[in-house]
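Below is one structure, written out as structure tokens; the observations come after it.
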Amino acid sequence: MPLTVDALVSLDEAKAYLHHQGNAEDAQLEDAINKATDYVQARLGWGPIKARTATWRLSGFSGSCLYAPIRPINTAATVTITVDGTAQTVWRTTADDPQTDKDVIVISSVPGSALCPDQFYRRAGWEGAGSVPQPIVLTYTGGAVTVPGRILEAFYLILGKFVRDEIHQNPDTISFSGPGGTVTRADTDIPRRARDILDADRRIFV
């Protein structure tokens with residue numbers, strides 16, 4: 001399968017990291033890149049990571065915090081929001097002060113995270129008047145222009161694991177001792193270092 005729009009690296013970047021030569025396994029490598037990207041995004045729980053500008057039409061709800069479909073929100077770019085067709089004033093940074101006269105404020109659920117800010121706070125809530133099923137229209141730029149280094153590190157660890165296991169058929173092994181002696185088996189787990197990196201920025205929905 002060709003690389004998806006969400007793929008965290010190009011085929012050439014992956015081959016350079018893996019010191020991979022030749023083109024015979026390109027299709028398999030693209031599948032591995034897509035699979036590693038999907039794993040990273042699912043583990044983080046933040047949705048797509050790479051930057052894009054898009055418009056979403058969203059259903060209303062009673063809460064005050066709207067999670068951005070793609071994170072982080074680019075506060076240097078224009079954010080346009082309407083609710084029931086009424087344009088909202090938006091606070092993105094201190095350049096937009098004061099916050100008190102803005103309808104919507106861009107905030108972070110995990111201050112300091114590479115994938116924040118990630119929420120649009122509206123004091124009046126996001127329910128809308130109920131006259132239309134999707135009263136919120138949101139246009140903004142979200143995602144990382146450059147994938148954060150630690151997330152890229154985790155991605156490459158996972159990609160290397162998939163390549164060894166599925167393309168080269170040379171999986172990592174783990175050994176442990178039991179009553180009958182030492183047992184060695186294939187280690188199918190995602191590398192612990194990768195899991196630790198991703199879990200530091202993980203969004204868990206409850």
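Identifiers for the structure tokens are assigned positionally: chains receive A, B, ... in sequence, residues are indexed from 1 per chain, and ligands are indexed from 1 in the order shown.
Residues with any atom within 10 Å of A:Ala87, counting only C-alpha atoms and excluding same-chain neighbours fewer than 5 positions away, are Thr80, Ile81, Thr82, Asp103 and Val137 of chain A.
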Keeping only N, CA and C atoms, take the residues you just selected and write them out as an mmCIF file, in the first residue's frame.
data_model
loop_
_atom_site.group_PDB
_atom_site.id
_atom_site.type_symbol
_atom_site.label_atom_id
_atom_site.label_comp_id
_atom_site.auth_asym_id
_atom_site.auth_seq_id
_atom_site.Cartn_x
_atom_site.Cartn_y
_atom_site.Cartn_z
ATOM 1 N N THR A 80 -10.600 30.100 12.660
ATOM 2 C CA THR A 80 -11.936 30.618 12.377
ATOM 3 C C THR A 80 -12.968 29.658 12.929
ATOM 4 N N ILE A 81 -13.870 30.161 13.751
ATOM 5 C CA ILE A 81 -14.901 29.335 14.369
ATOM 6 C C ILE A 81 -16.238 30.054 14.275
ATOM 7 N N THR A 82 -17.256 29.323 13.847
ATOM 8 C CA THR A 82 -18.618 29.846 13.919
ATOM 9 C C THR A 82 -19.479 28.847 14.688
ATOM 10 N N ASP A 103 -14.609 35.034 22.756
ATOM 11 C CA ASP A 103 -15.598 33.956 22.869
ATOM 12 C C ASP A 103 -14.939 32.605 23.121
ATOM 13 N N VAL A 137 -18.578 25.139 13.073
ATOM 14 C CA VAL A 137 -17.709 25.075 11.893
ATOM 15 C C VAL A 137 -16.355 25.625 12.315
#
Item to complete: Compile the contact shell of A:Pro2 as a ChimeraX atom specification: residues with an atom at most 8 Å away, counting only C-alpha atoms, same-chain residues fewer than 4 positions apart removed.
Response: /A:27,30-31
Practice prompt. Find the spatial neighbours of stretch 40-56 of chain A, counting only C-alpha atoms, within a cut-off of 7 Å - ignore same-chain residues fewer than 5 positions away - and output them as a ChimeraX atom specification.
Written response: /A:6,8,69-71,137-145,147,155,198-199,201-204
Discussion item. Can you tell me which residues surround A:Val83 at a distance of at most 9 Å, considering only C-alpha atoms, apart from same-chain residues fewer than 6 positions away, and format the answer as a list in words?
Written reply: Gly60, Trp126, Glu127, Gly128, Ala129, Gln134, Pro135, Ile136, Val137 and Leu138 of chain A
Discussion item. I'd like the contact shell of stretch 110-121 of chain A - 6 Å cut-off, only C-alpha atoms, skipping same-chain residues fewer than 2 positions apart - returned as a ChimeraX atom specification.
Written reply: /A:64-68,71-73,104-108
Practice prompt. Pick out each residue of stretch 15-156 of chain A that DSSP on the backbone tags as strand (DSSP E or B); I need them as an MDAnalysis selection string.
Written response: chainID A and resid 50 52:58 61 65:67 73 80:83 86:87 90:91 104:107 119:122 126 136:142 144
Response to the item:
As a check of understanding: the span from atom CA of A:Val163 to atom CA of A:Thr4 is 17.8 Å
Worksheet item: In stretch 10-110 of chain A, what's helix (DSSP H, G or I) per DSSP? Answer as a VMD selection string?
Response: chain A and resid 11 to 18 26 to 44 94 to 96 99 to 101
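We find atom CA of A:Ala76 and atom CA of A:Lys102 to be spaced 16.9 Å apart.
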